Every structure is written in structure tokens, then in C-alpha cells.
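Enquirer: Structure file query_27.txt, compact mmCIF, C-alpha atoms, is pasted below:
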# COMPACT_ATOMS: atom_id res chain seq x y z
CA MET A 9 118.78 200.34 -72.10
CA THR A 10 117.23 199.92 -68.66
CA SER A 11 113.80 200.96 -69.88
CA GLN A 12 113.99 198.56 -72.84
CA ILE A 13 114.94 195.68 -70.55
CA ARG A 14 112.11 196.53 -68.16
CA ARG A 15 109.61 196.87 -71.00
CA SER A 16 110.48 193.47 -72.48
CA CYS A 17 110.39 191.87 -69.01
CA VAL A 18 106.91 193.21 -68.34
CA SER A 19 105.70 192.28 -71.81
CA ILE A 20 106.25 188.54 -71.29
CA PRO A 21 103.67 187.97 -68.50
CA ALA A 22 101.39 190.71 -69.85
CA ASN A 23 101.02 188.87 -73.16
CA ILE A 24 100.44 185.56 -71.38
CA ALA A 25 97.70 187.18 -69.28
CA GLU A 26 96.12 188.82 -72.32
CA GLY A 27 96.15 185.51 -74.20
CA CYS A 28 94.47 183.76 -71.28
CA GLY A 29 91.73 186.38 -71.36
CA ARG A 30 90.97 185.78 -75.03
CA ASN A 31 88.62 183.25 -76.59
CA GLY A 32 90.07 180.10 -78.02
CA VAL A 33 93.31 178.19 -78.16
CA ALA A 34 94.50 179.86 -81.35
CA GLU A 35 94.39 183.33 -79.80
CA LEU A 36 96.14 182.09 -76.65
CA ALA A 37 98.85 180.51 -78.79
CA ARG A 38 99.29 183.77 -80.72
CA PHE A 39 99.84 185.73 -77.51
CA LEU A 40 102.21 183.08 -76.20
CA GLN A 41 104.22 183.52 -79.40
CA ILE A 42 104.26 187.27 -78.80
CA ALA A 43 105.50 186.58 -75.26
CA MET A 44 108.23 184.40 -76.77
CA GLY A 45 109.21 187.29 -79.01
CA SER A 46 109.48 189.55 -75.97
CA ALA A 47 111.66 186.93 -74.28
CA SER A 48 113.93 186.86 -77.31
CA GLU A 49 114.08 190.65 -77.28
CA LEU A 50 115.06 190.54 -73.61
CA GLU A 51 117.72 187.96 -74.41
CA TYR A 52 119.24 190.36 -76.93
CA HIS A 53 119.10 193.33 -74.55
CA LEU A 54 120.87 191.31 -71.86
CA LEU A 55 123.55 190.22 -74.31
CA LEU A 56 124.08 193.79 -75.44
CA ALA A 57 124.24 195.05 -71.86
CA HIS A 58 126.81 192.36 -71.09
CA ASP A 59 128.87 193.16 -74.19
CA LEU A 60 128.85 196.85 -73.24
CA ASN A 61 129.95 195.93 -69.69
CA LEU A 62 126.76 197.36 -68.21
CA ILE A 63 126.06 194.19 -66.23
CA LYS A 64 128.46 191.80 -64.53
CA ALA A 65 129.15 188.42 -66.08
CA GLN A 66 127.71 186.65 -63.02
CA ASP A 67 124.47 188.64 -63.26
CA TYR A 68 124.28 188.00 -67.00
CA GLU A 69 124.66 184.24 -66.47
CA TYR A 70 122.00 184.21 -63.77
CA LEU A 71 119.51 186.23 -65.80
CA THR A 72 120.01 184.31 -69.03
CA ALA A 73 119.68 180.97 -67.23
CA ASN A 74 116.33 182.08 -65.84
CA LEU A 75 115.26 183.47 -69.20
CA THR A 76 116.15 180.17 -70.90
CA GLU A 77 113.88 178.38 -68.43
CA ILE A 78 111.06 180.83 -69.15
CA LYS A 79 111.45 180.24 -72.89
CA ARG A 80 111.34 176.47 -72.30
CA MET A 81 108.14 176.84 -70.30
CA LEU A 82 106.55 178.96 -73.03
CA THR A 83 107.55 176.41 -75.68
CA SER A 84 106.10 173.58 -73.61
CA PHE A 85 102.87 175.51 -73.03
CA ILE A 86 102.48 176.19 -76.76
CA GLN A 87 103.16 172.54 -77.62
CA LYS A 88 100.62 171.29 -75.06
CA LEU A 89 97.93 173.52 -76.55
CA PHE A 90 98.12 171.59 -79.81
CA ALA A 91 98.75 168.10 -78.41
What would you get if you wrote out this structure as C-alpha cells?

Expert:
Amino acid sequence: MTSQIRRSCVSIPANIAEGCGRNGVAELARFLQIAMGSASELEYHLLLAHDLNLIKAQDYEYLTANLTEIKRMLTSFIQKLFA
């Protein structure tokens, strides 16, 4: 579980960086969508860890609040690309 959480955490900024290194808005948007998928995967892993009592409720709330903000920023970034 720990390795899956770490992998999805690292995948979010890695996909953003890869998208920024590509040519064109469409490719950037595609990698931002992949980053969003990794954020959703992380969201699930955190929920599962919480349900299995592997993380404290307070830690879960803190982490999911931050993750929600990251997902909002990704959504805003994607929307601004096509505005």
C-alpha cells in the first residue's frame, strides 16, 4: 500500500513536468489529464488506507484536503489551456 501511495504521489508532478516538456497545448492537456488520473488513484489509496485503519482520521482529512486542492488546480490549469 505504501509503495502504491508513493508511486501515485510521484506520478502527479512527473506527468505535469513531462507535459510541459512536450510540444503543443494538446499534449500538455493530455499529460495533465494523466496527472488527474494519478490524483484520483491516490484519492482511492488514501480512502482504502483509512478504511483499513492504516492511517489516522486526522491524517486522512489533512491529506485529502490537500489532494482536493491539487485536483482543483489541475482542473483550472486544463480549463485555462482551452480558454

Enquirer: May I have the residues within 12 Å of stretch 63-71 of chain A as a list in words, using all atoms listed in the file and disregarding those fewer than 3 positions away in the same chain?

Expert: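 Once the nearby chain positions are removed, what remains is Met9, Thr10, Ile13, Cys17, Ala47, Leu50, Glu51, Tyr52, His53, Leu54, Leu55, Leu56, Ala57, His58, Asp59, Leu60, Asn74, Leu75, Thr76, Glu77 and Ile78 of chain A.
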
Enquirer: Do a neighbour search on A:Ser84 at 12 Å with all atoms listed in the file, toss out local chain neighbours closer than 4 positions, and write the hits as a list in words.

Expert: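 Non-adjacent residues within range: Ala37, Leu40, Gln41, Met44, Glu77, Ile78, Lys79, Arg80, Lys88, Leu89, Phe90 and Ala91 of chain A.
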
Enquirer: Next, write the just-selected residues to a file, as a PDB file, in the coordinates of the input, keeping C-alpha atoms as the atom set.

Expert:
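What landed in selection.pdb:
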ATOM      1  CA  ALA A  37      98.850 180.510 -78.790  1.00  0.00           C
ATOM      2  CA  LEU A  40     102.210 183.080 -76.200  1.00  0.00           C
ATOM      3  CA  GLN A  41     104.220 183.520 -79.400  1.00  0.00           C
ATOM      4  CA  MET A  44     108.230 184.400 -76.770  1.00  0.00           C
ATOM      5  CA  GLU A  77     113.880 178.380 -68.430  1.00  0.00           C
ATOM      6  CA  ILE A  78     111.060 180.830 -69.150  1.00  0.00           C
ATOM      7  CA  LYS A  79     111.450 180.240 -72.890  1.00  0.00           C
ATOM      8  CA  ARG A  80     111.340 176.470 -72.300  1.00  0.00           C
ATOM      9  CA  LYS A  88     100.620 171.290 -75.060  1.00  0.00           C
ATOM     10  CA  LEU A  89      97.930 173.520 -76.550  1.00  0.00           C
ATOM     11  CA  PHE A  90      98.120 171.590 -79.810  1.00  0.00           C
ATOM     12  CA  ALA A  91      98.750 168.100 -78.410  1.00  0.00           C
TER      13      ALA A  91
END

Enquirer: For atom CA of A:Ile42 and atom CA of A:Asn61, determine how far apart the two atoms are, in Å to one decimal place.

Expert: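 Atom-to-atom, atom CA of A:Ile42 and atom CA of A:Asn61 are spaced 28.6 Å apart.
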
Enquirer: Please determine, counting only C-alpha atoms, which residue among A:Ala73, A:Ile86, A:Met81, A:Leu36 has the shortest atom-to-atom distance to A:Asn23.

Expert: A:Leu36

Enquirer: Which residue out of A:Thr83, A:Leu62, A:Gly29, A:Glu49 has the minimum interatomic distance to A:Arg14 when all atoms listed in the file are used?

Expert: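 Looking at the shortest contact to A:Arg14, the residue is A:Glu49.
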
Enquirer: Work out how far atom CA of A:Gly45 is from atom CA of A:Pro21, in Å to one decimal.

Expert: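 Going from atom CA of A:Pro21 over to atom CA of A:Gly45, I get 11.9 Å.
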
Enquirer: Work out how far apart atom CA of A:Ser48 and atom CA of A:Ser11 are and give it in Å to one decimal.

Expert: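 Here the two named atoms are 15.9 Å from each other.
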
Enquirer: Please determine, counting all atoms listed in the file, which residue among A:Ser46, A:Asn31, A:Ala25, A:Arg38 has the shortest atom-to-atom distance to A:Gln12.

Expert: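 Ranked by minimum distance to A:Gln12, first place goes to A:Ser46.
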